[in-house]
file work-v5.txt (compact mmCIF, C-alpha atoms)
# COMPACT_ATOMS: atom_id res chain seq x y z
CA MET A 15 0.00 0.00 0.00
CA THR A 16 1.26 3.45 -0.84
CA LEU A 17 -0.10 6.84 0.00
CA PRO A 18 -1.89 8.55 -2.86
CA PRO A 19 -0.17 11.48 -4.52
CA ASP A 20 -1.75 14.85 -3.97
CA ALA A 21 -2.75 15.04 -7.62
CA LEU A 22 -4.76 11.86 -7.33
CA SER A 23 -6.32 12.36 -3.94
CA ALA A 24 -6.97 16.10 -4.16
CA GLY A 25 -10.67 16.76 -3.64
CA VAL A 26 -11.28 13.10 -2.92
CA ILE A 27 -9.55 12.43 0.39
CA ASN A 28 -8.40 15.08 2.82
CA MET A 29 -5.07 13.36 3.39
CA PRO A 30 -3.71 15.58 6.19
CA ASP A 31 -6.92 15.01 8.09
CA LEU A 32 -6.89 11.27 7.47
CA LEU A 33 -3.22 10.90 8.38
CA ALA A 34 -3.87 12.75 11.64
CA ARG A 35 -6.73 10.37 12.37
CA VAL A 36 -4.55 7.29 11.92
CA ASP A 37 -1.63 8.95 13.69
CA ASP A 38 0.51 8.69 10.52
CA ASP A 39 0.25 4.92 10.70
CA ALA A 40 0.53 3.70 7.10
CA GLU A 41 -0.29 0.14 8.11
CA LEU A 42 -3.53 1.20 9.76
CA LEU A 43 -4.34 3.35 6.75
CA GLY A 44 -3.85 0.31 4.52
CA GLU A 45 -6.20 -1.70 6.77
CA LEU A 46 -8.86 0.99 6.51
CA PHE A 47 -8.56 1.04 2.72
CA GLU A 48 -8.87 -2.74 2.66
CA ILE A 49 -11.94 -2.61 4.86
CA PHE A 50 -13.41 -0.04 2.49
CA ALA A 51 -12.62 -2.19 -0.54
CA GLU A 52 -14.32 -5.16 1.13
CA GLU A 53 -17.30 -3.38 2.61
CA PHE A 54 -18.12 -0.87 -0.08
CA PRO A 55 -19.72 -3.24 -2.61
CA ARG A 56 -22.04 -4.69 0.05
CA LEU A 57 -23.06 -1.33 1.49
CA SER A 58 -23.44 0.17 -1.96
CA SER A 59 -25.73 -2.70 -3.00
CA LEU A 60 -27.82 -2.29 0.16
CA LEU A 61 -28.29 1.37 -0.61
CA THR A 62 -29.09 0.79 -4.26
CA GLU A 63 -31.66 -1.88 -3.42
CA ALA A 64 -33.28 0.30 -0.79
CA VAL A 65 -33.52 3.27 -3.14
CA GLU A 66 -34.92 1.15 -5.93
CA ALA A 67 -37.47 -0.37 -3.57
CA GLN A 68 -38.24 3.11 -2.22
CA ASP A 69 -37.62 1.71 1.24
CA MET A 70 -36.84 4.98 2.98
CA ALA A 71 -35.86 3.53 6.34
CA ALA A 72 -33.44 1.06 4.77
CA ALA A 73 -32.06 3.77 2.48
CA GLU A 74 -31.51 6.07 5.44
CA LYS A 75 -29.67 3.38 7.38
CA ALA A 76 -27.50 2.27 4.45
CA ALA A 77 -26.64 5.85 3.55
CA HIS A 78 -25.84 6.59 7.18
CA THR A 79 -23.46 3.63 7.45
CA LEU A 80 -21.75 4.42 4.18
CA LYS A 81 -21.47 8.08 5.12
CA GLY A 82 -19.81 7.13 8.41
CA MET A 83 -17.24 5.00 6.64
CA LEU A 84 -16.48 7.72 4.10
CA ALA A 85 -16.19 10.30 6.87
CA ASN A 86 -13.65 8.11 8.64
CA LEU A 87 -11.62 8.12 5.43
CA SER A 88 -11.90 11.91 5.24
CA ALA A 89 -13.56 11.43 1.84
CA GLU A 90 -15.35 14.67 2.41
CA SER A 91 -17.20 15.22 -0.85
CA ALA A 92 -18.37 11.59 -0.99
CA ALA A 93 -19.47 11.72 2.65
CA GLU A 94 -21.33 14.94 1.96
CA ALA A 95 -23.10 13.37 -1.00
CA LEU A 96 -24.15 10.39 1.11
CA GLY A 97 -25.27 12.77 3.86
CA ALA A 98 -27.66 14.33 1.35
CA VAL A 99 -29.05 10.89 0.50
CA GLU A 100 -29.52 10.11 4.18
CA ALA A 101 -31.30 13.44 4.75
CA ALA A 102 -33.63 12.88 1.81
CA ALA A 103 -34.46 9.39 3.02
CA ARG A 104 -35.02 10.62 6.57
CA ALA A 105 -37.36 13.28 5.22
CA ARG A 106 -39.13 10.53 3.24
CA ASN A 107 -38.71 12.74 0.17
CA GLN A 108 -38.67 10.43 -2.84
CA PRO A 109 -37.77 13.03 -5.52
CA ASP A 110 -34.88 14.33 -3.40
CA LEU A 111 -33.76 10.79 -2.71
CA ALA A 112 -33.60 10.03 -6.42
CA THR A 113 -31.70 13.23 -7.15
CA THR A 114 -29.20 12.89 -4.32
CA PHE A 115 -28.68 9.22 -5.02
CA ALA A 116 -27.81 9.99 -8.62
CA ALA A 117 -25.21 12.48 -7.39
CA ILE A 118 -23.13 9.98 -5.41
CA ASP A 119 -21.71 8.10 -8.40
CA THR A 120 -19.00 10.56 -9.32
CA PRO A 121 -17.44 11.13 -5.87
CA LEU A 122 -17.65 7.41 -5.08
CA ALA A 123 -16.06 6.45 -8.39
CA ARG A 124 -13.20 8.90 -7.78
CA LEU A 125 -12.72 7.57 -4.28
CA ASN A 126 -12.65 3.98 -5.47
CA THR A 127 -10.04 4.91 -8.04
CA VAL A 128 -7.80 6.45 -5.42
CA ILE A 129 -8.16 3.57 -3.00
CA ASP A 130 -7.70 0.90 -5.65
CA ALA A 131 -4.55 2.63 -6.80
CA CYS A 132 -3.20 2.85 -3.27
CA LEU A 133 -3.91 -0.80 -2.55
CA ALA A 134 -2.30 -1.79 -5.83
CA GLY A 135 0.77 0.22 -4.91
CA GLU A 136 0.53 2.23 -8.07
CA ALA A 137 0.05 5.69 -6.71
CA ILE A 138 3.63 6.62 -6.03
CA PRO A 139 4.14 10.35 -5.89
CA MET B 13 -8.61 1.12 32.11
CA ASN B 14 -11.15 -0.95 30.21
CA ILE B 15 -13.18 0.84 27.58
CA LEU B 16 -16.13 -0.48 25.62
CA ILE B 17 -16.58 0.48 22.00
CA ALA B 18 -19.80 -0.43 20.26
CA ASP B 19 -20.15 0.10 16.54
CA ASP B 20 -21.49 -2.10 13.77
CA GLU B 21 -19.33 -0.40 11.18
CA LEU B 22 -16.08 -2.30 10.77
CA MET B 23 -13.90 0.65 9.85
CA SER B 24 -14.93 2.73 12.86
CA LEU B 25 -14.36 -0.22 15.13
CA ARG B 26 -10.87 -0.83 13.77
CA LEU B 27 -9.93 2.83 13.87
CA LEU B 28 -11.17 3.34 17.41
CA LYS B 29 -9.59 0.16 18.68
CA LYS B 30 -6.20 1.12 17.31
CA THR B 31 -6.43 4.71 18.53
CA LEU B 32 -7.43 3.70 22.04
CA THR B 33 -5.02 0.80 22.37
CA ARG B 34 -2.18 3.15 21.48
CA VAL B 35 -2.93 5.34 24.46
CA GLY B 36 -3.17 2.43 26.89
CA TYR B 37 -6.84 1.50 27.04
CA GLU B 38 -7.88 -2.14 27.12
CA VAL B 39 -10.57 -2.24 24.49
CA ILE B 40 -13.67 -4.41 24.54
CA ALA B 41 -15.30 -4.16 21.12
CA VAL B 42 -18.85 -5.19 20.30
CA ASP B 43 -20.91 -4.69 17.18
CA ASN B 44 -24.42 -4.36 18.55
CA GLY B 45 -26.23 -2.43 21.23
CA ARG B 46 -27.57 -5.41 23.15
CA LEU B 47 -24.06 -6.73 23.78
CA ALA B 48 -22.93 -3.23 24.76
CA ALA B 49 -25.69 -2.92 27.37
CA GLU B 50 -24.88 -6.36 28.76
CA GLN B 51 -21.21 -5.52 29.12
CA LEU B 52 -21.90 -2.17 30.75
CA CYS B 53 -24.33 -3.67 33.24
CA LEU B 54 -21.82 -6.22 34.53
CA ALA B 55 -20.63 -5.48 38.05
CA ASP B 56 -17.03 -5.41 36.85
CA GLY B 57 -17.82 -4.16 33.35
CA PRO B 58 -16.11 -1.22 31.65
CA ARG B 59 -16.79 2.16 33.21
CA ILE B 60 -16.26 4.17 30.09
CA ALA B 61 -17.87 3.57 26.72
CA LEU B 62 -17.98 4.93 23.20
CA LEU B 63 -21.27 4.07 21.53
CA ASP B 64 -22.35 4.50 17.97
CA TRP B 65 -25.94 5.65 17.51
CA VAL B 66 -27.17 3.35 14.75
CA MET B 67 -26.60 -0.26 15.77
CA PRO B 68 -28.49 -3.56 15.51
CA GLU B 69 -30.82 -4.66 18.33
CA LEU B 70 -30.40 -1.55 20.50
CA ASP B 71 -29.29 1.83 19.25
CA GLY B 72 -26.90 4.01 21.22
CA PRO B 73 -29.54 6.05 23.06
CA ALA B 74 -31.43 2.86 23.99
CA VAL B 75 -28.20 1.45 25.44
CA CYS B 76 -27.80 4.64 27.47
CA ARG B 77 -31.33 4.36 28.80
CA GLU B 78 -30.90 0.70 29.70
CA VAL B 79 -27.60 1.29 31.47
CA ARG B 80 -28.99 4.23 33.42
CA ARG B 81 -32.06 2.22 34.37
CA ASN B 82 -30.21 -0.89 35.53
CA HIS B 83 -26.84 0.26 36.67
CA CYS B 84 -27.05 2.19 39.89
CA GLN B 85 -24.00 0.88 41.74
CA ARG B 86 -21.47 3.04 39.94
CA HIS B 87 -21.40 5.49 37.12
CA VAL B 88 -20.51 4.51 33.57
CA HIS B 89 -19.26 7.40 31.48
CA ILE B 90 -20.89 7.10 28.08
CA ILE B 91 -19.88 9.04 25.01
CA LEU B 92 -22.07 8.82 21.94
CA LEU B 93 -19.87 8.85 18.85
CA THR B 94 -21.99 9.18 15.77
CA SER B 95 -22.26 10.87 12.43
CA LYS B 96 -25.68 12.17 13.44
CA ASN B 97 -24.91 15.80 13.89
CA THR B 98 -28.01 17.93 14.15
CA LYS B 99 -28.72 19.93 17.29
CA GLN B 100 -31.76 17.75 17.92
CA ASP B 101 -29.65 14.59 17.63
CA ILE B 102 -27.24 15.95 20.22
CA VAL B 103 -30.05 16.93 22.57
CA ASP B 104 -31.76 13.56 22.15
CA GLY B 105 -28.50 11.71 22.68
CA LEU B 106 -27.64 13.54 25.88
CA GLU B 107 -31.22 13.26 27.15
CA SER B 108 -31.04 9.51 26.70
CA GLY B 109 -28.34 9.37 29.35
CA ALA B 110 -25.10 9.93 27.45
CA ASP B 111 -22.52 12.04 29.26
CA ASP B 112 -20.88 13.39 26.15
CA TYR B 113 -21.38 13.54 22.42
CA LEU B 114 -18.85 13.43 19.60
CA VAL B 115 -19.53 13.67 15.91
CA LYS B 116 -17.85 11.34 13.42
CA PRO B 117 -15.34 11.45 11.98
CA PHE B 118 -13.60 11.95 15.28
CA ASP B 119 -10.53 14.02 15.77
CA PRO B 120 -8.11 11.77 17.69
CA GLU B 121 -6.84 14.52 19.98
CA GLU B 122 -10.35 15.66 20.82
CA LEU B 123 -11.42 12.06 21.45
CA LYS B 124 -8.51 11.48 23.82
CA ALA B 125 -9.19 14.76 25.63
CA ARG B 126 -12.87 13.88 26.06
CA LEU B 127 -11.92 10.48 27.44
CA ARG B 128 -9.53 12.10 29.88
CA ALA B 129 -12.37 14.37 30.99
CA GLY B 130 -14.50 11.28 31.50
CA LEU B 131 -11.79 9.63 33.55
CA ARG B 132 -11.58 12.71 35.76
CA ILE B 133 -15.29 12.43 36.44
CA LEU B 134 -14.95 8.72 37.25
CA GLN B 135 -12.04 9.49 39.57
CA LEU B 136 -14.16 12.10 41.28
CA GLU B 137 -16.93 9.56 41.73
CA ASP B 138 -14.46 7.03 43.15
CA ASN B 139 -13.23 9.61 45.63
CA LEU B 140 -16.77 10.45 46.69
CA VAL B 141 -17.74 6.80 47.07
CA GLU B 142 -14.61 6.15 49.10
CA ALA B 143 -15.35 9.14 51.33
CA ARG B 144 -18.97 8.04 51.74
CA GLU B 145 -17.93 4.50 52.63
CA GLY B 146 -15.40 5.89 55.10
CA MET B 147 -18.09 8.00 56.72
CA ARG B 148 -20.51 5.10 56.74
CA TYR B 149 -17.90 2.96 58.47
CA LYS B 150 -17.16 5.67 61.01
CA ALA B 151 -20.86 6.15 61.65
CA THR B 152 -21.39 2.47 62.37
CA HIS B 153 -18.14 1.30 63.97
CA ASP B 154 -16.30 1.95 67.18
CA ASP B 155 -12.99 3.74 66.62
CA LEU B 156 -11.09 1.86 69.29
CA THR B 157 -12.20 -1.74 68.75
CA ALA B 158 -13.50 -1.60 65.15
CA LEU B 159 -16.61 -3.45 66.36
CA PHE B 160 -20.07 -2.11 65.57
CA ASN B 161 -20.74 0.95 67.69
CA ARG B 162 -23.66 1.25 70.08
CA GLY B 163 -26.05 2.75 67.53
CA MET B 164 -25.36 0.08 64.94
CA ILE B 165 -25.46 -2.93 67.25
CA LEU B 166 -28.77 -1.75 68.68
CA ASP B 167 -30.11 -1.25 65.18
CA LEU B 168 -29.02 -4.76 64.24
CA LEU B 169 -30.55 -6.15 67.43
CA SER B 170 -33.81 -4.40 66.71
CA ARG B 171 -33.96 -5.85 63.20
CA GLU B 172 -33.12 -9.34 64.44
CA LEU B 173 -35.83 -9.21 67.11
CA ILE B 174 -38.39 -8.21 64.50
CA ARG B 175 -37.25 -10.94 62.14
CA THR B 176 -37.25 -13.49 64.94
CA ALA B 177 -40.77 -12.60 66.01
CA ARG B 178 -41.97 -12.79 62.42
CA ASP B 179 -40.30 -16.11 61.59
CA GLY B 180 -40.91 -17.83 64.92
CA LEU B 181 -37.16 -18.19 65.57
CA CYS B 182 -35.03 -17.35 68.57
CA THR B 183 -32.46 -14.58 68.82
CA SER B 184 -30.17 -14.61 71.80
CA VAL B 185 -28.40 -11.60 73.23
CA LEU B 186 -25.29 -11.54 75.36
CA LEU B 187 -24.08 -8.55 77.31
CA ALA B 188 -20.44 -8.98 78.37
CA ASP B 189 -18.60 -6.71 80.75
CA ILE B 190 -14.89 -6.77 81.55
CA ASP B 191 -14.42 -7.53 85.22
CA HIS B 192 -12.62 -4.90 87.31
CA PHE B 193 -11.85 -2.83 84.26
CA LYS B 194 -11.56 0.33 86.31
CA SER B 195 -8.72 -1.18 88.28
CA ILE B 196 -6.88 -2.07 85.04
CA ASN B 197 -7.11 1.56 84.00
CA ASP B 198 -6.10 2.75 87.44
CA GLN B 199 -3.19 0.35 87.77
CA TYR B 200 -1.77 0.36 84.23
CA GLY B 201 -3.17 3.51 82.67
CA HIS B 202 -5.73 4.17 79.94
CA VAL B 203 -3.43 3.14 77.10
CA VAL B 204 -3.25 -0.36 78.54
CA GLY B 205 -6.99 -0.21 79.21
CA ASP B 206 -7.50 0.50 75.53
CA GLU B 207 -5.21 -2.37 74.59
CA ALA B 208 -7.30 -4.66 76.79
CA LEU B 209 -10.52 -3.45 75.18
CA ARG B 210 -9.13 -4.07 71.70
CA GLU B 211 -7.96 -7.57 72.58
CA VAL B 212 -11.21 -8.56 74.29
CA ALA B 213 -13.09 -7.25 71.26
CA ARG B 214 -10.88 -9.30 68.97
CA ARG B 215 -11.42 -12.46 71.01
CA LEU B 216 -15.18 -11.98 71.11
CA LEU B 217 -15.32 -11.43 67.39
CA GLN B 218 -13.20 -14.47 66.77
CA ALA B 219 -15.41 -16.63 68.99
CA VAL B 220 -18.74 -15.92 67.25
CA ARG B 221 -20.12 -17.21 63.98
CA SER B 222 -19.71 -15.10 60.85
CA TYR B 223 -23.40 -14.19 60.89
CA ASP B 224 -23.52 -13.09 64.54
CA PHE B 225 -23.03 -9.45 65.49
CA VAL B 226 -20.67 -8.03 68.09
CA GLY B 227 -20.72 -4.39 69.14
CA ARG B 228 -19.26 -2.14 71.78
CA TYR B 229 -22.22 -1.23 73.90
CA GLY B 230 -20.53 1.10 76.34
CA GLY B 231 -17.14 1.68 78.01
CA GLU B 232 -16.15 -1.91 78.76
CA GLU B 233 -19.44 -3.55 77.78
CA PHE B 234 -19.97 -5.59 74.62
CA LEU B 235 -23.27 -6.66 73.12
CA VAL B 236 -23.42 -9.88 71.12
CA VAL B 237 -26.42 -10.75 68.95
CA LEU B 238 -26.66 -14.46 68.19
CA ASN B 239 -28.94 -15.06 65.25
CA ASN B 240 -31.19 -18.09 65.34
CA CYS B 241 -29.78 -19.30 68.64
CA GLU B 242 -31.92 -21.05 71.29
CA ALA B 243 -31.59 -20.39 75.02
CA ALA B 244 -29.64 -23.51 75.91
CA ARG B 245 -27.18 -22.89 73.15
CA ALA B 246 -26.95 -19.23 74.12
CA MET B 247 -25.59 -20.16 77.52
CA GLU B 248 -23.02 -22.44 75.89
CA ARG B 249 -22.03 -19.59 73.61
CA ALA B 250 -21.81 -17.21 76.57
CA GLU B 251 -19.46 -19.61 78.27
CA GLU B 252 -17.39 -20.01 75.11
CA LEU B 253 -16.96 -16.27 74.92
CA ARG B 254 -16.12 -16.04 78.58
CA ARG B 255 -13.49 -18.77 78.24
CA ALA B 256 -12.09 -17.16 75.08
CA VAL B 257 -11.30 -14.08 77.15
CA GLU B 258 -10.17 -15.87 80.26
CA HIS B 259 -7.98 -18.61 78.83
CA LEU B 260 -4.90 -16.51 78.09
CA PRO B 261 -3.74 -13.29 79.70
CA VAL B 262 -3.97 -10.28 77.43
CA GLN B 263 -0.57 -9.18 76.16
CA THR B 264 -0.21 -5.45 76.73
CA SER B 265 2.61 -2.92 76.55
CA LYS B 266 2.88 -3.33 80.33
CA GLY B 267 3.06 -7.11 80.13
CA PRO B 268 0.44 -9.87 80.27
CA ILE B 269 -2.72 -9.09 82.24
CA PRO B 270 -5.29 -11.74 83.17
CA ILE B 271 -8.71 -10.50 82.15
CA THR B 272 -12.15 -12.00 82.65
CA ILE B 273 -15.67 -11.06 81.65
CA SER B 274 -19.09 -11.54 83.13
CA VAL B 275 -21.93 -12.27 80.74
CA GLY B 276 -25.66 -11.73 80.92
CA ALA B 277 -27.78 -13.68 78.41
CA PHE B 278 -31.25 -13.33 77.00
CA ALA B 279 -33.17 -15.58 74.61
CA SER B 280 -36.13 -14.09 72.80
CA ARG B 281 -38.18 -17.29 72.68
CA ASP B 282 -38.48 -17.28 76.47
CA TRP B 283 -40.43 -14.03 76.36
CA GLU B 284 -43.25 -12.37 74.59
CA PRO B 285 -41.87 -10.14 71.84
CA LEU B 286 -40.16 -7.25 73.61
CA PRO B 287 -38.88 -3.91 72.41
CA VAL B 288 -35.12 -3.44 72.37
CA GLU B 289 -35.15 -1.34 75.53
CA ASP B 290 -36.80 -4.13 77.50
CA VAL B 291 -34.43 -6.74 76.09
CA LEU B 292 -31.50 -4.60 77.20
CA ARG B 293 -33.03 -4.20 80.63
CA LYS B 294 -33.43 -7.99 81.00
CA VAL B 295 -29.95 -8.81 79.80
CA ASP B 296 -28.51 -6.08 82.00
CA ILE B 297 -30.20 -7.63 85.03
CA ALA B 298 -28.71 -11.00 84.03
CA LEU B 299 -25.28 -9.38 83.75
CA TYR B 300 -25.74 -7.80 87.17
CA SER B 301 -26.61 -11.25 88.48
CA ALA B 302 -23.36 -12.63 87.02
CA LYS B 303 -21.42 -9.83 88.66
CA ALA B 304 -23.18 -10.48 91.95
CA GLY B 305 -22.45 -14.17 91.55
CA GLY B 306 -18.72 -13.54 91.74
CA ARG B 307 -17.90 -12.35 88.22
CA ASN B 308 -16.21 -14.39 85.46
CA CYS B 309 -19.47 -16.28 84.92
CA SER B 310 -22.63 -16.22 82.80
CA ARG B 311 -26.26 -15.84 83.81
CA MET B 312 -29.43 -16.18 81.78
CA ALA B 313 -32.18 -13.62 82.10
CA GLU B 314 -35.22 -14.87 84.04
CA PRO B 315 -37.53 -16.67 83.60
CA HIS B 316 -35.45 -19.24 81.78
CA PRO B 317 -34.78 -22.33 83.92
CA LEU B 318 -31.12 -22.18 82.98
CA ALA B 319 -30.86 -18.87 84.79
CA LEU B 320 -28.95 -20.53 87.57
CA LEU B 321 -26.40 -22.01 85.21
CA THR B 322 -22.92 -21.57 86.51
CA ARG B 323 -19.55 -21.69 84.91
call {"tool": "encode", "arguments": {"input": "work-v5.txt", "output": "C-alpha cells"}}
result
Amino acid sequence: MTLPPDALSAGVINMPDLLARVDDDAELLGELFEIFAEEFPRLSSLLTEAVEAQDMAAAEKAAHTLKGMLANLSAESAAEALGAVEAAARARNQPDLATTFAAIDTPLARLNTVIDACLAGEAIP
Amino acid sequence: MNILIADDELMSLRLLKKTLTRVGYEVIAVDNGRLAAEQLCLADGPRIALLDWVMPELDGPAVCREVRRNHCQRHVHIILLTSKNTKQDIVDGLESGADDYLVKPFDPEELKARLRAGLRILQLEDNLVEAREGMRYKATHDDLTALFNRGMILDLLSRELIRTARDGLCTSVLLADIDHFKSINDQYGHVVGDEALREVARRLLQAVRSYDFVGRYGGEEFLVVLNNCEAARAMERAEELRRAVEHLPVQTSKGPIPITISVGAFASRDWEPLPVEDVLRKVDIALYSAKAGGRNCSRMAEPHPLALLTR
C-alpha cells in the first residue's frame, strides 16, 4: 500500500486530516482502505436496493453507514453526497432521494479509483 | 482502564480500537447495542464507553437508557460517537443518558481529551464513594475496637428481634462486661486499658459465627447478637466467649494481664416479643446477676430455667 499522490487524492480524500486520524500509521491506513474495498460493494448494494425499492428507512440506514465510513476516510465530498441521500431518506422525500442518489456516483467512483490505486501500490508520488 | 466500543461499522471499530489501544486503554469491542448494554451492566464491566448511535438490536440512546435504568451501583461514562450531527440529535443523545457527544469522523486529539475528561469524572466519583464509605464505616463502627458501635449494634438487634418474632425463631443476646476494668485503667493507665478493650473485642469477634453481630455497647461492655440461637445454646455460647477471654492473659505494653468477663444472656423465645429497651433491661439484670455471683461467669435472664447455670 502506498499513500496517494496529492494530484490523485486532491478533492477526494483530505489526506492531512486522514493521516492525523490514523496517527501517521501507514499500516492502519492500509487496513482501513482494505476494509473499504471489502465493505463498499455490500453497502453500496444495500443502498441501491433500498432506493430502488423506495424503502426509505433502509435507504436512510444504508446511507448513514456508508457516510460514516467515508467520513472516517476523510472522503469529504463523498461523505457529503451520502449525507444528502440520508437526509432525503429521513425526510421521506422520494424526488430528493432520487436526485441525491444519482449524485453519489461521481465522488464514489473517484474515491474507489484512489483507493484501488493505493492498494495496488501504483500511486507513487 | 477498560473501555467499551460499540459500533457495527467495521472501519470505525478498527480505527477506534487502534487509537485507544495506542494510548493504553484495554478495548472491549462489540458490534451491537444489546451486547454493549450487557457488558456495561456487569458489576465489573467497563466504566467508560464509546457508543455509535445506529446499531443492531439496540441503538446508542437505547443502550444509554438501559444502562442508566439498571446500573445504579457506579457510574458509567458514556460518550455517543456518531455521524448524526443535528442539534436535535445531540439533545436527544444527551437526554437519553449519554454524558458526552462526539460527531464522526472523530478528531483523535479531541477524542482522547474527552476520554480524559470522562476519567476525571470517574475518579471524582471514586473519591466520593470512598469518602462516603469511610463516613458510613465511622458512623457504624467503634474507633477503638473496630466493632459495631452502640447505635449500629442496637439497630441490628432491633432488626433481628423483629425478624425473629416474624419467623418464629429465637435470637439470643449476650451482654459482656470486663471484670474490674476500672482497676486495670487505674493500675496500668488508659493506654493499657485500651489495649485490653481491643484484645477482648478481637477475642469476642473471633469466637462468634460469621453471621452473629458483636458491638461495643458502652465503656467496657460488649453486646453480642446471636442469630437463630436457642436459650440452651446461648448459655453455651456465653461460656465459650467467657473462656475465650479468660484462657490466656492479654498481652499489653505493660506485660500480660489476666482478664475476665461476666456475661448476661437473653433468649427471645423465652419471652413475649419485647422492644429493644426491654431486652436490654433484662440482659442487664442478668449481667448484674453474674457480677453479683462472683464475676467471670454467665447468667441467663429470668424466667429461663437455665438462669442458675454456673460456669
call {"tool": "closest_atom_pairs", "arguments": {"input": "work-v5.txt", "of": "chain B", "to": "chain A", "cutoff": "7 Å", "atoms": "only C-alpha atoms", "output": "CSV"}}
result
residue,atom,partner,partner_atom,distance
B:Glu21,CA,A:Thr79,CA,6.9
B:Met23,CA,A:Leu46,CA,6.1
B:Ser24,CA,A:Asn86,CA,7.0
B:Ser95,CA,A:Gly82,CA,6.0
B:Lys116,CA,A:Gly82,CA,6.8
B:Pro117,CA,A:Asn86,CA,5.0
B:Asp119,CA,A:Arg35,CA,6.3
B:Pro120,CA,A:Arg35,CA,5.7
call {"tool": "closest_residue", "arguments": {"input": "work-v5.txt", "among": "A:Ser91, A:Asn107, A:Ser58, A:Asn28", "to": "A:Ala77", "atoms": "all atoms listed in the file"}}
result
A:Ser58
call {"tool": "residues_around", "arguments": {"input": "work-v5.txt", "residues": "A:Ala123", "least_positions_apart": "2", "cutoff": "12 Å", "atoms": "all atoms listed in the file", "output": "PDB file with C-alpha atoms, in the coordinates of the input"}}
result
ATOM      1  CA  VAL A  26     -11.280  13.100  -2.920  1.00  0.00           C
ATOM      2  CA  PHE A  54     -18.120  -0.870  -0.080  1.00  0.00           C
ATOM      3  CA  PRO A  55     -19.720  -3.240  -2.610  1.00  0.00           C
ATOM      4  CA  SER A  58     -23.440   0.170  -1.960  1.00  0.00           C
ATOM      5  CA  ALA A  89     -13.560  11.430   1.840  1.00  0.00           C
ATOM      6  CA  SER A  91     -17.200  15.220  -0.850  1.00  0.00           C
ATOM      7  CA  ALA A  92     -18.370  11.590  -0.990  1.00  0.00           C
ATOM      8  CA  ALA A 117     -25.210  12.480  -7.390  1.00  0.00           C
ATOM      9  CA  ILE A 118     -23.130   9.980  -5.410  1.00  0.00           C
ATOM     10  CA  ASP A 119     -21.710   8.100  -8.400  1.00  0.00           C
ATOM     11  CA  THR A 120     -19.000  10.560  -9.320  1.00  0.00           C
ATOM     12  CA  PRO A 121     -17.440  11.130  -5.870  1.00  0.00           C
ATOM     13  CA  LEU A 125     -12.720   7.570  -4.280  1.00  0.00           C
ATOM     14  CA  ASN A 126     -12.650   3.980  -5.470  1.00  0.00           C
ATOM     15  CA  THR A 127     -10.040   4.910  -8.040  1.00  0.00           C
ATOM     16  CA  VAL A 128      -7.800   6.450  -5.420  1.00  0.00           C
ATOM     17  CA  ILE A 129      -8.160   3.570  -3.000  1.00  0.00           C
ATOM     18  CA  ASP A 130      -7.700   0.900  -5.650  1.00  0.00           C
TER      19      ASP A 130
END
call {"tool": "residues_around", "arguments": {"input": "work-v5.txt", "residues": "B:Asp138", "least_positions_apart": "4", "cutoff": "12 Å", "atoms": "all atoms listed in the file", "output": "list in words"}}
result
Arg59, Gln85, Arg86, His87, Val88, Leu131, Arg132, Ile133, Leu134, Glu142, Ala143, Arg144 and Glu145 of chain B
call {"tool": "write_last_selection", "arguments": {"input": "work-v5.txt", "atoms": "C-alpha atoms", "output": "short mmCIF file (atom, residue, chain, number, x, y, z; two decimals), in the coordinates of the input"}}
result
data_model
loop_
_atom_site.label_atom_id
_atom_site.label_comp_id
_atom_site.auth_asym_id
_atom_site.auth_seq_id
_atom_site.Cartn_x
_atom_site.Cartn_y
_atom_site.Cartn_z
CA ARG B 59 -16.79 2.16 33.21
CA GLN B 85 -24.00 0.88 41.74
CA ARG B 86 -21.47 3.04 39.94
CA HIS B 87 -21.40 5.49 37.12
CA VAL B 88 -20.51 4.51 33.57
CA LEU B 131 -11.79 9.63 33.55
CA ARG B 132 -11.58 12.71 35.76
CA ILE B 133 -15.29 12.43 36.44
CA LEU B 134 -14.95 8.72 37.25
CA GLU B 142 -14.61 6.15 49.10
CA ALA B 143 -15.35 9.14 51.33
CA ARG B 144 -18.97 8.04 51.74
CA GLU B 145 -17.93 4.50 52.63
#
call {"tool": "atom_distance", "arguments": {"input": "work-v5.txt", "atom1": "atom CA of B:Thr94", "atom2": "atom CA of B:Ala41"}}
result
15.9 Å
call {"tool": "axis_aligned_box", "arguments": {"input": "work-v5.txt", "around": "stretch 83-89 of chain A", "padding_each_side": "5 Å", "output": "JSON"}}
result
{"center_x": -14.4, "center_y": 8.5, "center_z": 5.2, "size_x": 15.6, "size_y": 16.9, "size_z": 16.8}
call {"tool": "residues_around", "arguments": {"input": "work-v5.txt", "residues": "B:Ala313", "least_positions_apart": "6", "cutoff": "7 Å", "atoms": "only C-alpha atoms", "output": "ChimeraX atom specification"}}
result
/B:276-278,294-295,297-298,319
call {"tool": "write_last_selection", "arguments": {"input": "work-v5.txt", "atoms": "C-alpha atoms", "output": "mmCIF file, keeping the file's coordinate frame"}}
result
data_model
loop_
_atom_site.group_PDB
_atom_site.id
_atom_site.type_symbol
_atom_site.label_atom_id
_atom_site.label_comp_id
_atom_site.auth_asym_id
_atom_site.auth_seq_id
_atom_site.Cartn_x
_atom_site.Cartn_y
_atom_site.Cartn_z
ATOM 1 C CA GLY B 276 -25.660 -11.730 80.920
ATOM 2 C CA ALA B 277 -27.780 -13.680 78.410
ATOM 3 C CA PHE B 278 -31.250 -13.330 77.000
ATOM 4 C CA LYS B 294 -33.430 -7.990 81.000
ATOM 5 C CA VAL B 295 -29.950 -8.810 79.800
ATOM 6 C CA ILE B 297 -30.200 -7.630 85.030
ATOM 7 C CA ALA B 298 -28.710 -11.000 84.030
ATOM 8 C CA ALA B 319 -30.860 -18.870 84.790
#
call {"tool": "residues_around", "arguments": {"input": "work-v5.txt", "residues": "stretch 150-165 of chain B", "least_positions_apart": "2", "cutoff": "12 Å", "atoms": "all atoms listed in the file", "output": "VMD selection string"}}
result
chain B and resid 143 to 148 167 to 172 185 to 187 203 205 to 218 224 to 238 288 292
call {"tool": "residues_around", "arguments": {"input": "work-v5.txt", "residues": "A:Ala64", "least_positions_apart": "5", "cutoff": "10 Å", "atoms": "all atoms listed in the file", "output": "list in words"}}
result
Ser58, Ser59, Asp69, Met70, Ala71, Ala72, Ala73, Glu74, Lys75, Ala76, Ala77 and Ala103 of chain A
call {"tool": "atom_distance", "arguments": {"input": "work-v5.txt", "atom1": "atom CA of B:Leu22", "atom2": "atom CA of B:Met67"}}
result
11.8 Å
